[in-house]
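Have a look at run22.tsv below; it lists TSV, C-alpha atoms.
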chain	number	residue	atom	x	y	z
A	22	MET	CA	-23.05	29.11	10.43
A	23	LEU	CA	-20.13	30.80	12.12
A	24	HIS	CA	-17.04	30.51	9.95
A	25	ILE	CA	-13.95	30.70	12.13
A	26	ILE	CA	-10.86	31.39	10.02
A	27	LYS	CA	-7.56	30.91	11.79
A	28	LYS	CA	-4.84	30.93	9.16
A	29	SER	CA	-3.30	33.83	7.29
A	30	PRO	CA	-4.84	34.07	3.82
A	31	TYR	CA	-1.32	34.65	2.49
A	32	GLU	CA	-0.26	31.12	3.39
A	33	SER	CA	-3.45	29.08	3.55
A	34	SER	CA	-6.60	28.44	1.50
A	35	ALA	CA	-8.70	28.75	4.68
A	36	LEU	CA	-10.28	32.11	3.82
A	37	ASN	CA	-10.83	31.29	0.15
A	38	ASP	CA	-12.35	27.88	0.97
A	39	ALA	CA	-14.56	29.40	3.64
A	40	VAL	CA	-15.81	32.16	1.33
A	41	ASN	CA	-17.28	29.47	-0.94
A	42	TYR	CA	-19.42	28.30	1.98
A	43	ILE	CA	-20.55	31.63	3.32
A	44	GLY	CA	-24.23	31.88	2.51
A	45	GLN	CA	-26.36	34.92	1.81
A	46	ASN	CA	-27.84	35.96	5.09
A	47	ASP	CA	-27.19	34.77	8.59
A	48	ASP	CA	-23.70	33.35	8.09
A	49	VAL	CA	-21.05	35.24	10.00
A	50	VAL	CA	-17.27	35.25	9.80
A	51	LEU	CA	-14.78	35.44	12.64
A	52	LEU	CA	-11.08	35.97	11.96
A	53	VAL	CA	-8.83	34.65	14.73
A	54	GLU	CA	-5.12	33.97	15.24
A	55	ASP	CA	-3.23	34.56	11.94
A	56	GLY	CA	-6.58	34.78	10.20
A	57	VAL	CA	-6.81	38.42	11.30
A	58	TYR	CA	-4.13	39.45	8.78
A	59	ALA	CA	-6.84	39.18	6.10
A	60	ALA	CA	-8.52	42.24	7.59
A	61	LYS	CA	-5.58	44.64	7.25
A	62	LYS	CA	-6.57	47.72	5.29
A	63	GLY	CA	-4.64	48.00	2.02
A	64	GLY	CA	-3.87	44.29	1.95
A	65	LYS	CA	-4.61	41.93	-0.89
A	66	PHE	CA	-7.77	40.61	0.77
A	67	GLU	CA	-9.38	43.93	1.60
A	68	ALA	CA	-11.62	43.85	-1.50
A	69	LEU	CA	-12.74	40.30	-0.77
A	70	LEU	CA	-13.66	41.25	2.78
A	71	ARG	CA	-15.41	44.43	1.65
A	72	ASN	CA	-17.54	42.21	-0.61
A	73	LEU	CA	-18.28	39.88	2.28
A	74	THR	CA	-19.33	42.67	4.62
A	75	GLN	CA	-22.02	43.75	2.14
A	76	LYS	CA	-24.11	40.74	3.20
A	77	ASN	CA	-22.42	39.13	6.18
A	78	SER	CA	-21.05	40.30	9.49
A	79	VAL	CA	-17.28	39.93	9.71
A	80	TYR	CA	-15.55	40.01	13.10
A	81	CYS	CA	-11.92	40.07	14.23
A	82	LEU	CA	-10.76	38.80	17.61
A	83	LEU	CA	-9.47	41.73	19.69
A	84	ALA	CA	-6.64	39.83	21.42
A	85	ASP	CA	-5.28	38.66	18.08
A	86	ILE	CA	-5.21	42.05	16.35
A	87	LYS	CA	-3.68	43.71	19.44
A	88	ALA	CA	-0.98	41.06	19.74
A	89	ARG	CA	-0.10	41.56	16.09
A	90	GLY	CA	0.14	45.33	16.32
A	91	ILE	CA	-2.93	45.94	14.19
A	92	GLN	CA	-4.97	48.91	15.41
A	93	GLU	CA	-8.73	49.03	14.90
A	94	ASN	CA	-8.31	51.93	12.45
A	95	GLU	CA	-6.04	49.75	10.32
A	96	LEU	CA	-8.83	47.27	9.65
A	97	ALA	CA	-10.77	47.13	6.40
A	98	GLU	CA	-14.11	48.93	6.44
A	99	ASN	CA	-17.07	47.44	8.33
A	100	ILE	CA	-15.01	44.80	10.14
A	101	LYS	CA	-16.14	44.58	13.74
A	102	VAL	CA	-13.91	43.75	16.68
A	103	ILE	CA	-15.00	41.39	19.46
A	104	ASP	CA	-13.37	39.93	22.57
A	105	TYR	CA	-13.46	36.30	23.75
A	106	LYS	CA	-16.91	36.81	25.30
A	107	GLY	CA	-18.10	38.07	21.94
A	108	PHE	CA	-16.56	34.96	20.37
A	109	VAL	CA	-18.60	32.82	22.79
A	110	GLU	CA	-21.76	34.75	21.90
A	111	LYS	CA	-21.22	34.12	18.20
A	112	VAL	CA	-20.79	30.39	18.86
A	113	VAL	CA	-24.01	30.40	20.86
A	114	GLU	CA	-25.82	32.14	17.98
A	115	HIS	CA	-24.40	30.04	15.12
A	116	ASN	CA	-23.09	26.52	14.54
A	117	PRO	CA	-19.30	26.90	14.13
A	118	MET	CA	-17.02	25.54	11.43
A	119	THR	CA	-13.28	26.13	11.75
A	120	TRP	CA	-11.22	26.71	8.62
A	121	SER	CA	-7.48	26.29	9.14
B	26	MET	CA	-32.87	4.31	16.97
B	27	SER	CA	-35.04	6.43	14.67
B	28	GLU	CA	-33.44	8.75	12.11
B	29	GLN	CA	-34.67	11.81	14.04
B	30	GLU	CA	-32.91	10.75	17.22
B	31	LYS	CA	-29.57	10.32	15.52
B	32	THR	CA	-26.95	13.03	15.82
B	33	LYS	CA	-25.76	14.35	12.48
B	34	VAL	CA	-22.00	14.81	12.39
B	35	MET	CA	-19.92	15.67	9.33
B	36	PHE	CA	-16.18	15.32	8.91
B	37	VAL	CA	-14.97	18.10	6.63
B	38	CYS	CA	-11.67	16.91	5.14
B	39	ARG	CA	-9.60	19.72	3.64
B	40	THR	CA	-6.07	18.35	3.82
B	41	ALA	CA	-4.25	16.22	1.26
B	42	PRO	CA	-3.04	12.79	2.41
B	43	TYR	CA	0.50	11.81	3.53
B	44	GLY	CA	1.93	15.33	3.99
B	45	THR	CA	0.33	15.45	7.44
B	46	VAL	CA	-1.40	12.98	9.74
B	47	TYR	CA	-4.83	14.65	9.50
B	48	GLU	CA	-6.30	12.33	6.87
B	49	GLN	CA	-5.09	9.20	8.64
B	50	GLU	CA	-6.47	10.22	12.03
B	51	ALA	CA	-9.69	11.47	10.43
B	52	ILE	CA	-10.22	7.98	8.97
B	53	GLU	CA	-9.56	6.42	12.38
B	54	ALA	CA	-12.25	8.66	13.84
B	55	MET	CA	-14.71	7.91	11.00
B	56	VAL	CA	-14.29	4.16	11.50
B	57	MET	CA	-14.86	4.51	15.23
B	58	PHE	CA	-17.86	6.86	14.89
B	59	GLY	CA	-19.51	4.44	12.47
B	60	ALA	CA	-19.95	1.93	15.27
B	61	TYR	CA	-22.24	4.19	17.32
B	62	GLU	CA	-25.32	4.18	15.09
B	63	GLN	CA	-25.43	7.93	14.55
B	64	ASP	CA	-25.75	9.76	11.22
B	65	ILE	CA	-22.13	10.29	10.20
B	66	SER	CA	-21.12	11.79	6.88
B	67	VAL	CA	-17.80	12.74	5.36
B	68	SER	CA	-17.09	15.54	2.90
B	69	PHE	CA	-13.98	16.34	0.90
B	70	VAL	CA	-13.29	19.97	0.06
B	71	GLY	CA	-10.19	21.70	-1.32
B	72	ASP	CA	-7.04	19.59	-1.13
B	73	GLY	CA	-9.03	16.97	0.77
B	74	VAL	CA	-10.25	15.63	-2.59
B	75	PHE	CA	-6.73	14.29	-3.27
B	76	SER	CA	-7.33	11.69	-0.55
B	77	LEU	CA	-9.74	9.88	-2.88
B	78	LYS	CA	-7.47	9.77	-5.94
B	79	LYS	CA	-7.21	6.23	-7.22
B	80	GLY	CA	-3.92	4.43	-7.81
B	81	GLN	CA	-2.26	5.48	-4.55
B	82	ASP	CA	0.79	3.28	-3.90
B	83	THR	CA	2.62	3.96	-0.65
B	84	ALA	CA	5.13	1.11	-0.85
B	85	LEU	CA	8.09	3.41	-1.53
B	86	LEU	CA	6.96	5.79	1.18
B	87	GLY	CA	6.82	3.09	3.83
B	88	LYS	CA	3.41	4.19	5.09
B	89	LYS	CA	0.06	2.43	5.08
B	90	ASN	CA	-2.20	3.23	2.13
B	91	PHE	CA	-5.05	4.84	4.04
B	92	SER	CA	-7.20	5.35	0.96
B	93	MET	CA	-8.06	1.64	1.05
B	94	ALA	CA	-10.50	2.49	3.83
B	95	TYR	CA	-12.80	4.68	1.71
B	96	PRO	CA	-14.46	1.98	-0.44
B	97	ILE	CA	-15.57	0.12	2.71
B	98	LEU	CA	-16.55	3.10	4.90
B	99	ILE	CA	-20.19	2.98	3.89
B	100	ASP	CA	-20.73	-0.79	3.71
B	101	ASP	CA	-18.55	-1.98	6.59
B	102	PHE	CA	-18.38	1.07	8.86
B	103	GLU	CA	-21.90	2.47	8.62
B	104	ILE	CA	-20.92	5.91	7.34
B	105	SER	CA	-24.08	7.45	5.84
B	106	HIS	CA	-22.63	9.55	3.03
B	107	ILE	CA	-19.34	10.46	1.40
B	108	TYR	CA	-19.54	13.77	-0.46
B	109	VAL	CA	-16.92	15.33	-2.71
B	110	GLU	CA	-17.11	18.94	-3.77
B	111	LYS	CA	-17.35	19.12	-7.57
B	112	GLU	CA	-15.61	22.49	-7.92
B	113	SER	CA	-12.58	21.40	-5.88
B	114	LEU	CA	-12.22	18.30	-8.07
B	115	GLU	CA	-12.39	20.32	-11.27
B	116	GLU	CA	-9.92	22.96	-10.05
B	117	ARG	CA	-7.44	20.14	-9.45
B	118	GLY	CA	-7.88	18.46	-12.82
B	119	LEU	CA	-9.86	15.54	-11.39
B	120	SER	CA	-13.24	14.00	-12.15
B	121	GLY	CA	-15.32	11.17	-10.72
B	122	ASP	CA	-13.40	8.70	-12.91
B	123	ASP	CA	-10.19	9.52	-11.03
B	124	LEU	CA	-11.64	8.57	-7.66
B	125	MET	CA	-11.12	5.23	-6.06
B	126	THR	CA	-14.66	4.66	-4.93
B	127	GLU	CA	-18.25	5.59	-5.69
B	128	VAL	CA	-18.91	8.83	-3.89
B	129	GLU	CA	-21.54	11.53	-4.17
B	130	ILE	CA	-20.11	14.40	-6.20
B	131	VAL	CA	-22.00	17.52	-5.17
B	132	ASP	CA	-21.61	21.20	-5.92
B	133	ARG	CA	-20.72	23.77	-3.27
B	134	ASN	CA	-24.27	24.98	-2.83
B	135	SER	CA	-25.64	21.51	-2.13
B	136	LEU	CA	-22.77	20.67	0.21
B	137	LYS	CA	-23.30	23.96	2.02
B	138	GLN	CA	-26.94	22.99	2.57
B	139	LYS	CA	-25.92	19.63	3.95
B	140	MET	CA	-23.48	21.36	6.31
B	141	ASN	CA	-26.33	23.53	7.55
B	142	GLU	CA	-28.23	20.40	8.60
B	143	MET	CA	-25.38	19.11	10.78
B	144	LYS	CA	-25.26	19.29	14.54
B	145	ALA	CA	-21.46	19.20	14.53
B	146	LEU	CA	-18.83	19.83	11.87
B	147	LEU	CA	-15.40	18.32	12.47
B	148	PRO	CA	-12.71	19.85	10.28
B	149	PHE	CA	-9.64	17.81	9.37
C	14	MET	CA	-25.53	26.37	26.52
C	15	LYS	CA	-23.44	23.20	26.46
C	16	LEU	CA	-20.20	23.71	24.54
C	17	GLY	CA	-17.80	20.93	23.51
C	18	VAL	CA	-14.23	21.65	22.47
C	19	LEU	CA	-11.88	19.78	20.11
C	20	VAL	CA	-8.19	20.71	20.18
C	21	LYS	CA	-6.13	19.42	17.26
C	22	GLU	CA	-2.80	21.21	17.64
C	23	GLY	CA	0.00	20.88	20.14
C	24	PRO	CA	1.10	23.47	22.72
C	25	TYR	CA	3.60	26.30	22.10
C	26	MET	CA	4.04	25.43	18.40
C	27	HIS	CA	0.50	26.59	17.61
C	28	GLN	CA	-1.86	29.13	19.14
C	29	ALA	CA	-4.80	26.71	19.14
C	30	ILE	CA	-4.74	25.81	22.84
C	31	ASP	CA	-4.29	29.47	23.86
C	32	THR	CA	-7.35	30.49	21.87
C	33	ALA	CA	-9.27	27.49	23.21
C	34	TYR	CA	-8.30	28.31	26.80
C	35	ASN	CA	-9.36	31.96	26.55
C	36	PHE	CA	-12.60	30.91	24.83
C	37	ILE	CA	-13.38	28.40	27.58
C	38	VAL	CA	-12.68	30.87	30.40
C	39	ALA	CA	-14.96	33.46	28.71
C	40	ALA	CA	-17.65	30.82	28.13
C	41	MET	CA	-17.62	29.73	31.78
C	42	GLU	CA	-17.71	33.35	32.96
C	43	SER	CA	-20.77	33.84	30.76
C	44	GLY	CA	-22.48	30.91	32.46
C	45	HIS	CA	-22.09	28.27	29.77
C	46	GLU	CA	-21.20	24.66	30.48
C	47	ILE	CA	-18.10	23.12	28.91
C	48	THR	CA	-18.97	19.47	28.27
C	49	GLY	CA	-15.33	18.55	27.73
C	50	ILE	CA	-12.12	19.20	25.84
C	51	PHE	CA	-11.12	16.39	23.51
C	52	PHE	CA	-7.44	16.35	22.52
C	53	TYR	CA	-6.75	14.81	19.12
C	54	ASN	CA	-3.93	14.84	16.55
C	55	ASP	CA	-0.96	16.73	18.07
C	56	GLY	CA	-3.44	18.18	20.55
C	57	VAL	CA	-2.66	15.23	22.84
C	58	TYR	CA	0.71	16.87	23.66
C	59	ASN	CA	-1.17	19.53	25.61
C	60	ARG	CA	-1.60	16.93	28.37
C	61	CYS	CA	1.99	15.70	28.45
C	62	SER	CA	3.05	15.72	32.11
C	63	THR	CA	6.70	16.48	31.34
C	64	LEU	CA	6.10	19.85	29.70
C	65	GLU	CA	8.42	22.30	31.41
C	66	PRO	CA	8.26	25.80	29.95
C	67	PRO	CA	10.53	28.56	31.30
C	68	ARG	CA	9.20	29.96	34.59
C	69	ASP	CA	8.26	33.34	33.13
C	70	GLU	CA	6.19	31.73	30.40
C	71	ARG	CA	2.56	30.60	30.58
C	72	ASN	CA	2.31	27.01	31.75
C	73	ILE	CA	-0.28	25.41	29.48
C	74	MET	CA	-0.31	22.16	31.40
C	75	LYS	CA	-1.15	24.02	34.62
C	76	LEU	CA	-3.76	26.28	32.97
C	77	LEU	CA	-5.55	23.17	31.73
C	78	SER	CA	-5.26	21.38	35.05
C	79	ASP	CA	-6.82	24.47	36.68
C	80	LEU	CA	-9.76	24.16	34.28
C	81	GLU	CA	-10.02	20.52	35.29
C	82	LEU	CA	-10.22	21.56	38.95
C	83	LYS	CA	-13.13	23.80	37.96
C	84	GLY	CA	-14.92	20.73	36.62
C	85	VAL	CA	-13.96	20.76	32.95
C	86	ARG	CA	-13.49	17.24	31.64
C	87	LEU	CA	-10.24	16.71	29.74
C	88	ILE	CA	-10.07	13.77	27.34
C	89	VAL	CA	-6.88	12.60	25.63
C	90	CYS	CA	-7.40	10.27	22.65
C	91	VAL	CA	-5.76	6.95	23.45
C	92	ALA	CA	-4.83	6.09	19.86
C	93	ALA	CA	-3.44	9.53	18.96
C	94	GLY	CA	-1.68	9.61	22.34
C	95	LYS	CA	-0.01	6.22	22.02
C	96	ARG	CA	1.27	7.11	18.58
C	97	ARG	CA	2.98	10.16	20.13
C	98	GLY	CA	4.17	8.69	23.42
C	99	ILE	CA	1.41	10.22	25.53
C	100	VAL	CA	0.51	7.13	27.55
C	101	ASN	CA	-0.35	6.28	31.17
C	102	GLN	CA	3.14	7.24	32.40
C	103	THR	CA	3.41	10.53	30.48
C	104	VAL	CA	-0.10	11.95	30.65
C	105	CYS	CA	-1.03	14.44	33.38
C	106	LYS	CA	-3.77	12.17	34.72
C	107	VAL	CA	-4.35	8.56	33.70
C	108	GLU	CA	-8.14	8.97	33.89
C	109	GLU	CA	-8.01	11.51	31.06
C	110	ILE	CA	-7.07	8.88	28.48
C	111	SER	CA	-10.08	7.62	26.56
C	112	GLY	CA	-11.29	6.59	23.14
C	113	LEU	CA	-12.65	8.39	20.07
C	114	GLY	CA	-16.15	7.41	21.14
C	115	GLN	CA	-15.84	10.22	23.69
C	116	LEU	CA	-15.46	12.75	20.88
C	117	LEU	CA	-18.71	11.54	19.34
C	118	GLU	CA	-20.27	11.62	22.81
C	119	LEU	CA	-19.30	15.32	23.05
C	120	CYS	CA	-20.91	15.94	19.64
C	121	ILE	CA	-24.10	14.29	20.88
C	122	THR	CA	-24.31	15.95	24.29
C	123	SER	CA	-23.13	19.45	23.36
C	124	ASP	CA	-25.26	22.14	21.75
C	125	ARG	CA	-22.15	23.29	19.90
C	126	MET	CA	-18.78	21.74	19.06
C	127	VAL	CA	-15.93	24.19	18.52
C	128	THR	CA	-12.65	23.09	16.92
C	129	PHE	CA	-9.36	24.83	17.69
How does this structure look as structure tokens?
Amino acid sequence: MLHIIKKSPYESSALNDAVNYIGQNDDVVLLVEDGVYAAKKGGKFEALLRNLTQKNSVYCLLADIKARGIQENELAENIKVIDYKGFVEKVVEHNPMTWS
Amino acid sequence: MSEQEKTKVMFVCRTAPYGTVYEQEAIEAMVMFGAYEQDISVSFVGDGVFSLKKGQDTALLGKKNFSMAYPILIDDFEISHIYVEKESLEERGLSGDDLMTEVEIVDRNSLKQKMNEMKALLPF
Amino acid sequence: MKLGVLVKEGPYMHQAIDTAYNFIVAAMESGHEITGIFFYNDGVYNRCSTLEPPRDERNIMKLLSDLELKGVRLIVCVAAGKRRGIVNQTVCKVEEISGLGQLLELCITSDRMVTF
């Protein structure tokens, strides 16, 4: 599954709820819209994401981090950045579920 | 239509009732989908489990009591399964006895497996 | 691949339609087919014909109508629309109004359903 998370983890249970449903292997995570704030290095959710990236690929949507003034080097370790075409590719590869 | 030909769709309800319209409009969609002879299931995760709490009385609120639809979703509207996530219930101080209808209480891992079998997941 | 889209939030207040639009454009550029966009919940407001954003701002109504010209089917839920005043007189195109059965139809005919 592709878990699309679109709410800030500071205001919504989206990330926490999604984490419970992220399986061992081929599940991937995509942070979009305010969901990208989870990936900020030094933030409260950095450890959670670091844990996730041990087994699962975690992506951030480029347009959303840029708009929010987050540079790629400000992202937690091992988080990959993709554009809208990358987003489409992930949807093609995995069945999506949106957590808001 | 054989079971294999049916499309498996799951509503994933994560919002509590009344505070927003999501639960109400999710129910309207469930009722409609039931008429098309596909394999439709409904799951309640997170705050969504509050939708099933028994004893809801909306008279003072001046809204319809939407929870009345759940007990008849399976029998009258051909919904295949109603699942409730066990962990979400427990975290919120609820158990099966607090729910207004017979539902399948399943743990996260089993619900996750059921989600994997779906063709489409519709979050509400 | 055939991709169906469900939009559940209204324009301007939420980013949902902007993300959906950019996703759809990228999907079409990559050669995928968009089976339709179903507007539900406050998403029906995205097809309100009286939207009038300031001139220097993106015009969501027009962006969506452009997608429609490129063959993307836009479907506004009749029940959710009526509840919010999006009816024959206030929707961009009367033919777009349809029932929830169309959402299930998208689930059946699309390889993937994406919710925004």
(request) Please determine the contact residues of chain C with respect to chain A at a cut-off of 12 Å, counting only C-alpha atoms, and supply them as JSON, numbers by chain. (result) {"C": [14, 15, 16, 17, 18, 19, 20, 21, 22, 27, 28, 29, 30, 31, 32, 33, 34, 35, 36, 37, 38, 39, 40, 41, 42, 43, 44, 45, 46, 47, 120, 123, 124, 125, 126, 127, 128, 129]}
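CA of Phe102 in chain B to CA of Asp82 in chain B spans 23.1 Å [interatomic distance, one decimal].
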(request) Just give me the gap between CA of Arg86 in chain C and CA of Glu108 in chain C in Å, one decimal is fine. (result) 10.1 Å
(request) Write out as a VMD selection string which residues come within 12 Å of range 41-46 of chain B when counting only C-alpha atoms, dropping same-chain ones fewer than 6 positions away. (result) (chain B and resid 52 to 53 69 to 78 81 to 83 86 to 92 117 149) or (chain C and resid 21 to 22 53 to 55 93 96 to 97)
Please tabulate, as a tab-separated table, the residues of chain B that come within 12 Å of chain C, each with its closest pair of atoms and the distance in Å to one decimal, counting all atoms listed in the file and ordering rows by chain, then residue number upward.
residue	atom	partner	partner_atom	distance
B:Glu30	CA	C:Ile121	CA	10.2
B:Lys31	CA	C:Ile121	CA	8.6
B:Thr32	CA	C:Ile121	CA	5.9
B:Lys33	CA	C:Ile121	CA	8.6
B:Val34	CA	C:Cys120	CA	7.4
B:Met35	CA	C:Cys120	CA	10.4
B:Phe36	CA	C:Leu117	CA	11.4
B:Val37	CA	C:Thr128	CA	11.7
B:Thr45	CA	C:Asn54	CA	10.1
B:Val46	CA	C:Asn54	CA	7.5
B:Tyr47	CA	C:Asn54	CA	7.1
B:Glu48	CA	C:Asn54	CA	10.3
B:Gln49	CA	C:Asn54	CA	9.8
B:Glu50	CA	C:Asn54	CA	6.9
B:Ala51	CA	C:Asn54	CA	9.1
B:Ile52	CA	C:Leu113	CA	11.4
B:Glu53	CA	C:Leu113	CA	8.5
B:Ala54	CA	C:Leu113	CA	6.2
B:Met55	CA	C:Leu113	CA	9.3
B:Val56	CA	C:Leu113	CA	9.7
B:Met57	CA	C:Leu113	CA	6.6
B:Phe58	CA	C:Gly114	CA	6.5
B:Gly59	CA	C:Gly114	CA	9.8
B:Ala60	CA	C:Gly114	CA	8.9
B:Tyr61	CA	C:Gly114	CA	7.9
B:Glu62	CA	C:Leu117	CA	10.8
B:Gln63	CA	C:Leu117	CA	9.0
B:Asp64	CA	C:Ile121	CA	10.8
B:Ile65	CA	C:Leu117	CA	9.8
B:Met143	CA	C:Cys120	CA	10.4
B:Lys144	CA	C:Arg125	CA	7.4
B:Ala145	CA	C:Met126	CA	5.8
B:Leu146	CA	C:Met126	CA	7.4
B:Leu147	CA	C:Thr128	CA	7.1
B:Pro148	CA	C:Thr128	CA	7.4
B:Phe149	CA	C:Lys21	CA	8.8
(message) Would you compute the distance between CA of Leu82 in chain C and CA of Pro66 in chain C? Give it in Å to one decimal.
(response) 21.0 Å
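Residues of protein, DNA or RNA having at least one counted atom within 7 Å of (-16.6, 33.8, 11.8), given all atoms listed in the file, are Leu23, His24, Ile25, Ile26, Val49, Val50, Leu51, Leu52, Val79 and Tyr80 of chain A.
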(request) Could you please give me, as an NGL selection string, the residues of protein, DNA or RNA lying at most 12 Å from (2.0, 25.6, 29.6) in the coordinate frame of the file, considering all atoms listed in the file? (result) :C and (23-26 or 28 or 30-31 or 34 or 58-79)
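For the set B:Glu127, B:Glu103, B:Glu110, B:Asp122, the residue with the smallest atom-to-atom gap to chain A is B:Glu110, counting all atoms listed in the file.
All residues of protein, DNA or RNA that reach within 7 Å of Asp48 in chain A, judged by all atoms listed in the file and not counting those fewer than 4 positions away in the chain, are Met22, Leu23, Ile43, Gly44 and Asn77 of chain A.
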